[in-house]
Structure formats: C-alpha cells, structure tokens
Amino acid sequence: MVKMFIGNLACNTTPEELRELFEKYGKVTESDVVKNYGFVHMSNISEAEEAIRNLHQLQLNGWRMNVEMSKGRPKSTTKLHVSNLGEGVSNPVLRAKFEEFGTVVECDIVKDYAFIHMERMEDAMDAISKLDNTAYKGELFGRGELVVFAVYKNKFGF
C-alpha cells in the first residue's frame, strides 16, 4: 500500500471526490480529508506515481491540489506558523526560504498562511529570529510583514 498526501484542498472537498479522482489511476484502498488536506492510499507504487503525475496542481473545487508521496515526519520536529503570505507564494518558494536555515521536513500552505516543520529546533528558532516581522520579496509575500512563530515541539511531532 502507498500513502499520498494531498494538500491545498477546498474546505468542501469530500473523501468520495478524492477517491473518484484517484481511482482513474488505480485501486484506492482508503481516502480521507482533514480540513484543507487529505490522504489517499493506493495499492501500488506505479499507480500512485501515475496519479501524482496527472493530479498534482490539478484544480479541484477551485483550488490547485498539491499531490505527493506522504513523507513521515521525524518524531521530533518544530512546527512553525507563517502568516501574511501573498497570493503568489508557492510551496517550493516558501520551502527554499526556510531551508536557508535548516532542513524543512514539511511545508504546507493553507490560504494566506502556512505550516513549516523543521527538523531541528535551533534552525527553526534561527528562522523565526531572522524572518519574523520582515518583508520578504514584497512581490511574493504581498500582505505586509511575515509573522513567524513556533506552534509546538514535542517528541511525538504533534
């Protein structure tokens, strides 16, 4: 079984819609939606890779989905909340900015804010001290100053 992460889902997206969409590429064993993201389990890797190739950045209910293989987070990460993102900010751009400070395990944009999971707390704290209340490339982060803060860190990753 292969687990995929589907980010940037519209709030009205249902597990059934995801299942129907992914079943075009193979057998779906499970589909779930949690707020603005979801998970789809497919029976084999080649079917999952085909689904990713065809569905990544596809619009569903007016939102462009991010479809990728699910990556288990290390048990200990520091989660950052980043707000005031402009419309032009993409996951790769945001991830690259935070990777200047250390390893980014996960980067999820939800509307005009994002959650960044960093591997090391020291790197996350460095990113906060350097990026909080700063304007970064005004054309990308267009809603004023970024607000960056740590949400939590624990040995379970939640």
# chains A, B, ... in the order shown; residues from 1 in each chain; ligands from 1

call {"tool": "select_by_dssp", "arguments": {"residues": "chain A", "states": "alpha helix (DSSP H)", "output": "ChimeraX atom specification"}}
result
/A:15-22,45-55,91-99,121-131

call {"tool": "residues_around", "arguments": {"residues": "Phe115 (chain A)", "least_positions_apart": "2", "cutoff": "9 Å", "atoms": "only C-alpha atoms", "output": "PyMOL selection string"}}
result
chain A and resi 79-83+106-110+113+117+151

call {"tool": "closest_residue", "arguments": {"among": "A:Gly102, A:Pro92, A:Gly86, A:Pro15", "to": "Glu30 (chain A)", "atoms": "only C-alpha atoms"}}
result
A:Pro15

call {"tool": "atom_distance", "arguments": {"atom1": "CA of Met4 (chain A)", "atom2": "CA of His41 (chain A)"}}
result
6.2 Å

call {"tool": "decode", "arguments": {"residues": "region 60-73 of chain A", "atoms": "all heavy atoms", "output": "PDB file, in the first residue's frame"}}
result
ATOM      1  N   LEU A  60      -9.344  21.336  -8.139  1.00  0.00           N
ATOM      2  CA  LEU A  60     -10.493  20.603  -7.621  1.00  0.00           C
ATOM      3  C   LEU A  60     -11.266  21.573  -6.740  1.00  0.00           C
ATOM      4  O   LEU A  60     -10.704  22.136  -5.795  1.00  0.00           O
ATOM      5  CB  LEU A  60     -10.040  19.376  -6.814  1.00  0.00           C
ATOM      6  CG  LEU A  60     -11.158  18.553  -6.174  1.00  0.00           C
ATOM      7  CD1 LEU A  60     -12.062  17.945  -7.246  1.00  0.00           C
ATOM      8  CD2 LEU A  60     -10.572  17.460  -5.294  1.00  0.00           C
ATOM      9  N   ASN A  61     -12.512  21.798  -7.071  1.00  0.00           N
ATOM     10  CA  ASN A  61     -13.350  22.745  -6.333  1.00  0.00           C
ATOM     11  C   ASN A  61     -12.706  24.132  -6.251  1.00  0.00           C
ATOM     12  O   ASN A  61     -12.785  24.809  -5.228  1.00  0.00           O
ATOM     13  CB  ASN A  61     -13.668  22.208  -4.931  1.00  0.00           C
ATOM     14  CG  ASN A  61     -14.467  20.931  -4.980  1.00  0.00           C
ATOM     15  OD1 ASN A  61     -15.320  20.755  -5.831  1.00  0.00           O
ATOM     16  ND2 ASN A  61     -14.175  20.020  -4.075  1.00  0.00           N
ATOM     17  N   GLY A  62     -12.031  24.529  -7.335  1.00  0.00           N
ATOM     18  CA  GLY A  62     -11.449  25.868  -7.418  1.00  0.00           C
ATOM     19  C   GLY A  62     -10.079  26.030  -6.787  1.00  0.00           C
ATOM     20  O   GLY A  62      -9.510  27.104  -6.813  1.00  0.00           O
ATOM     21  N   TRP A  63      -9.510  24.976  -6.225  1.00  0.00           N
ATOM     22  CA  TRP A  63      -8.189  25.047  -5.588  1.00  0.00           C
ATOM     23  C   TRP A  63      -7.228  24.105  -6.307  1.00  0.00           C
ATOM     24  O   TRP A  63      -7.612  22.982  -6.667  1.00  0.00           O
ATOM     25  CB  TRP A  63      -8.276  24.628  -4.128  1.00  0.00           C
ATOM     26  CG  TRP A  63      -9.005  25.589  -3.241  1.00  0.00           C
ATOM     27  CD1 TRP A  63     -10.190  26.220  -3.491  1.00  0.00           C
ATOM     28  CD2 TRP A  63      -8.604  26.011  -1.950  1.00  0.00           C
ATOM     29  NE1 TRP A  63     -10.544  27.002  -2.438  1.00  0.00           N
ATOM     30  CE2 TRP A  63      -9.589  26.887  -1.463  1.00  0.00           C
ATOM     31  CE3 TRP A  63      -7.518  25.719  -1.148  1.00  0.00           C
ATOM     32  CZ2 TRP A  63      -9.508  27.479  -0.220  1.00  0.00           C
ATOM     33  CZ3 TRP A  63      -7.440  26.308   0.087  1.00  0.00           C
ATOM     34  CH2 TRP A  63      -8.425  27.186   0.547  1.00  0.00           C
ATOM     35  N   ARG A  64      -5.982  24.518  -6.480  1.00  0.00           N
ATOM     36  CA  ARG A  64      -4.958  23.657  -7.081  1.00  0.00           C
ATOM     37  C   ARG A  64      -4.381  22.735  -6.007  1.00  0.00           C
ATOM     38  O   ARG A  64      -3.780  23.194  -5.051  1.00  0.00           O
ATOM     39  CB  ARG A  64      -3.835  24.495  -7.683  1.00  0.00           C
ATOM     40  CG  ARG A  64      -4.247  25.182  -8.941  1.00  0.00           C
ATOM     41  CD  ARG A  64      -3.010  25.612  -9.720  1.00  0.00           C
ATOM     42  NE  ARG A  64      -3.383  26.385 -10.874  1.00  0.00           N
ATOM     43  CZ  ARG A  64      -3.830  25.874 -12.012  1.00  0.00           C
ATOM     44  NH1 ARG A  64      -3.956  24.582 -12.137  1.00  0.00           N
ATOM     45  NH2 ARG A  64      -4.151  26.648 -13.018  1.00  0.00           N
ATOM     46  N   MET A  65      -4.575  21.443  -6.212  1.00  0.00           N
ATOM     47  CA  MET A  65      -4.109  20.453  -5.234  1.00  0.00           C
ATOM     48  C   MET A  65      -2.602  20.256  -5.338  1.00  0.00           C
ATOM     49  O   MET A  65      -2.040  20.298  -6.416  1.00  0.00           O
ATOM     50  CB  MET A  65      -4.746  19.087  -5.497  1.00  0.00           C
ATOM     51  CG  MET A  65      -6.222  19.019  -5.399  1.00  0.00           C
ATOM     52  SD  MET A  65      -6.795  17.314  -5.629  1.00  0.00           S
ATOM     53  CE  MET A  65      -6.237  16.940  -7.283  1.00  0.00           C
ATOM     54  N   ASN A  66      -1.979  19.996  -4.203  1.00  0.00           N
ATOM     55  CA  ASN A  66      -0.597  19.532  -4.158  1.00  0.00           C
ATOM     56  C   ASN A  66      -0.674  18.038  -3.869  1.00  0.00           C
ATOM     57  O   ASN A  66      -1.206  17.644  -2.832  1.00  0.00           O
ATOM     58  CB  ASN A  66       0.192  20.229  -3.046  1.00  0.00           C
ATOM     59  CG  ASN A  66       0.342  21.704  -3.313  1.00  0.00           C
ATOM     60  OD1 ASN A  66       0.582  22.112  -4.439  1.00  0.00           O
ATOM     61  ND2 ASN A  66       0.179  22.510  -2.281  1.00  0.00           N
ATOM     62  N   VAL A  67      -0.180  17.229  -4.782  1.00  0.00           N
ATOM     63  CA  VAL A  67      -0.247  15.777  -4.614  1.00  0.00           C
ATOM     64  C   VAL A  67       1.176  15.248  -4.589  1.00  0.00           C
ATOM     65  O   VAL A  67       1.957  15.485  -5.512  1.00  0.00           O
ATOM     66  CB  VAL A  67      -1.041  15.113  -5.760  1.00  0.00           C
ATOM     67  CG1 VAL A  67      -1.134  13.610  -5.532  1.00  0.00           C
ATOM     68  CG2 VAL A  67      -2.426  15.727  -5.888  1.00  0.00           C
ATOM     69  N   GLU A  68       1.517  14.535  -3.514  1.00  0.00           N
ATOM     70  CA  GLU A  68       2.865  13.985  -3.379  1.00  0.00           C
ATOM     71  C   GLU A  68       2.823  12.750  -2.498  1.00  0.00           C
ATOM     72  O   GLU A  68       1.836  12.498  -1.803  1.00  0.00           O
ATOM     73  CB  GLU A  68       3.807  15.022  -2.776  1.00  0.00           C
ATOM     74  CG  GLU A  68       3.377  15.522  -1.416  1.00  0.00           C
ATOM     75  CD  GLU A  68       4.186  16.712  -0.923  1.00  0.00           C
ATOM     76  OE1 GLU A  68       4.318  17.697  -1.666  1.00  0.00           O
ATOM     77  OE2 GLU A  68       4.677  16.635   0.215  1.00  0.00           O
ATOM     78  N   MET A  69       3.913  11.982  -2.549  1.00  0.00           N
ATOM     79  CA  MET A  69       4.019  10.823  -1.663  1.00  0.00           C
ATOM     80  C   MET A  69       4.027  11.343  -0.233  1.00  0.00           C
ATOM     81  O   MET A  69       4.620  12.378   0.057  1.00  0.00           O
ATOM     82  CB  MET A  69       5.316  10.055  -1.910  1.00  0.00           C
ATOM     83  CG  MET A  69       5.359   9.339  -3.228  1.00  0.00           C
ATOM     84  SD  MET A  69       4.148   8.005  -3.263  1.00  0.00           S
ATOM     85  CE  MET A  69       4.505   7.352  -4.873  1.00  0.00           C
ATOM     86  N   SER A  70       3.355  10.641   0.643  1.00  0.00           N
ATOM     87  CA  SER A  70       3.337  11.035   2.044  1.00  0.00           C
ATOM     88  C   SER A  70       4.708  10.736   2.639  1.00  0.00           C
ATOM     89  O   SER A  70       5.263   9.663   2.433  1.00  0.00           O
ATOM     90  CB  SER A  70       2.260  10.257   2.794  1.00  0.00           C
ATOM     91  OG  SER A  70       2.235  10.652   4.136  1.00  0.00           O
ATOM     92  N   LYS A  71       5.230  11.724   3.330  1.00  0.00           N
ATOM     93  CA  LYS A  71       6.530  11.558   3.978  1.00  0.00           C
ATOM     94  C   LYS A  71       6.289  11.568   5.472  1.00  0.00           C
ATOM     95  O   LYS A  71       5.768  12.548   6.001  1.00  0.00           O
ATOM     96  CB  LYS A  71       7.468  12.710   3.614  1.00  0.00           C
ATOM     97  CG  LYS A  71       7.693  12.878   2.137  1.00  0.00           C
ATOM     98  CD  LYS A  71       8.482  14.154   1.896  1.00  0.00           C
ATOM     99  CE  LYS A  71       8.241  14.660   0.521  1.00  0.00           C
ATOM    100  NZ  LYS A  71       7.321  15.731   0.381  1.00  0.00           N
ATOM    101  N   GLY A  72       6.638  10.517   6.118  1.00  0.00           N
ATOM    102  CA  GLY A  72       6.510  10.507   7.573  1.00  0.00           C
ATOM    103  C   GLY A  72       7.478  11.509   8.173  1.00  0.00           C
ATOM    104  O   GLY A  72       8.624  11.576   7.775  1.00  0.00           O
ATOM    105  N   ARG A  73       7.008  12.316   9.084  1.00  0.00           N
ATOM    106  CA  ARG A  73       7.871  13.270   9.759  1.00  0.00           C
ATOM    107  C   ARG A  73       8.722  12.543  10.783  1.00  0.00           C
ATOM    108  O   ARG A  73       8.277  11.580  11.391  1.00  0.00           O
ATOM    109  CB  ARG A  73       7.035  14.297  10.516  1.00  0.00           C
ATOM    110  CG  ARG A  73       6.349  15.293   9.664  1.00  0.00           C
ATOM    111  CD  ARG A  73       5.914  16.462  10.529  1.00  0.00           C
ATOM    112  NE  ARG A  73       4.832  16.160  11.419  1.00  0.00           N
ATOM    113  CZ  ARG A  73       3.559  16.337  11.136  1.00  0.00           C
ATOM    114  NH1 ARG A  73       3.206  16.791   9.969  1.00  0.00           N
ATOM    115  NH2 ARG A  73       2.639  16.059  12.016  1.00  0.00           N
TER     116      ARG A  73
END
